Amino acid sequence: MMQVHRKSGVGEERRVPKQVDYEERRLRIAEAVCALIARSGMEAVSLRDVAAEADVSMGAVQRCFRTKEDILLFALEHISRGVSERADQRIAATSTPQAAATLLSHTLAELALLDEDSRAQAHVWLAFVSHAPASERLAAVLHETYGKLHDLVVWLIRYGQDTKEIPQHLDAAQEAHTLLAVADGLTVHILAGHHSPETASAVLQRHVDCLVR
């Protein structure tokens with residue numbers, strides 16, 4: 001689409017290309033990458049297919065990202081931010097003080113991507129995890145993301161210790177490692193059909209209940 005500008009005092013018109021919001025385009029491409037992975041796996045991510053999914057030209061994709069790894073890296077950073085932000089929003093949305101066990105249960109369920117609406121994102125997340133050993137840059141993003149999620153769960157456990165719901169002698173960092181590993185494993189089990197979201201939620205709840213006894 002072109003914008004028309006008239007030269008002052010001359011009466012001539014000149015056409016100026018409309019300014020492109022590159023950040024919006026990069027996000028659009030990232031979402032296209034995630035959609036492709038959710039449907040067909042990591043092998044479906046090609047420059048041509050990403051451009052078609054995002055409804056932009058191949059040249060537009062190349063102007064935003066130099067390599068396929070750059071595209072994947074940005075897409076992973078995009079979904080990593082989404083996971084962290086939803087977990088934070090779940091806590092911030094509570095209008096009244098909640099028990100630590102309730103906050104932990106809700107947060108872990110969010111991280112485990114248990115609900116039906118999160119099924120596609122779970123496929124995408126696990127595709128990146130399986131691909132990370134072949135890319136140090138992707139592995140670094142995952143390492144940073146898991147570190148932030150671990151810190152969040154540690155904070156929730158310590159909150160429970162401050163409110164006397166969770167015993168003081170428990171090591172919050174070690175317990176957080178366990179809970180995150182359980183949540184991650186349940187994501188895989190749901191996709192494999194070993195657990196339903198309901199039975200996976202029950203497993204998470206039992207682990208949380210063990211902390212507050």
# chains A, B, ... in the order shown; residues from 1 in each chain; ligands from 1
$ select_by_dssp --residues "segment 1-157 of chain A" --states "strand (DSSP E or B)" --output "number ranges by chain"
A: 2-6, 13-17
$ residues_around --residues "Val212 of chain A" --least-positions-apart "6" --cutoff "7 Å" --atoms "only C-alpha atoms" --output "PyMOL selection string"
chain A and resi 165-167
$ write_last_selection --atoms "N, CA and C atoms" --output "PDB file, in the first residue's frame"
ATOM      1  N   GLU A 165       2.234 -22.214  55.921  1.00  0.00           N
ATOM      2  CA  GLU A 165       1.538 -23.325  55.263  1.00  0.00           C
ATOM      3  C   GLU A 165       2.505 -24.444  54.883  1.00  0.00           C
ATOM      4  N   ILE A 166       3.739 -24.073  54.594  1.00  0.00           N
ATOM      5  CA  ILE A 166       4.751 -25.034  54.157  1.00  0.00           C
ATOM      6  C   ILE A 166       5.854 -25.068  55.207  1.00  0.00           C
ATOM      7  N   PRO A 167       6.274 -26.261  55.631  1.00  0.00           N
ATOM      8  CA  PRO A 167       7.285 -26.368  56.697  1.00  0.00           C
ATOM      9  C   PRO A 167       8.571 -25.612  56.363  1.00  0.00           C
TER      10      PRO A 167
END
$ closest_residue --among "A:Ala38, A:Leu179, A:Ala173, A:Ile79" --to "His123 of chain A" --atoms "only C-alpha atoms"
A:Ala38
$ atom_distance --atom1 "atom CA of Phe65 of chain A" --atom2 "atom CA of Glu23 of chain A"
11.4 Å
$ residues_around --residues "His106 of chain A" --least-positions-apart "5" --cutoff "12 Å" --atoms "only C-alpha atoms" --output "MDAnalysis selection string"
chainID A and resid 86:94 98:101 111:115 153 156 183 201:202 204:205 208
$ closest_residue --among "A:Asp184, A:Glu144, A:Glu31, A:Glu110" --to "His78 of chain A" --atoms "only C-alpha atoms"
A:Glu31
$ closest_residue --among "A:His177, A:Leu72, A:Thr107, A:Val56" --to "Glu43 of chain A" --atoms "only C-alpha atoms"
A:Leu72
$ select_by_dssp --residues "segment 51-177 of chain A" --states "alpha helix (DSSP H)" --output "PyMOL selection string"
chain A and resi 51-54+58-64+68-92+100-111+119-131+136-162+172-177
$ atom_distance --atom1 "atom CA of Leu73 of chain A" --atom2 "atom CA of Leu138 of chain A"
5.9 Å
$ atom_distance --atom1 "atom CA of Phe74 of chain A" --atom2 "atom CA of Arg119 of chain A"
20.7 Å
$ closest_residue --among "A:His195, A:Ala109, A:Val83, A:Glu69" --to "Ala134 of chain A" --atoms "only C-alpha atoms"
A:Glu69
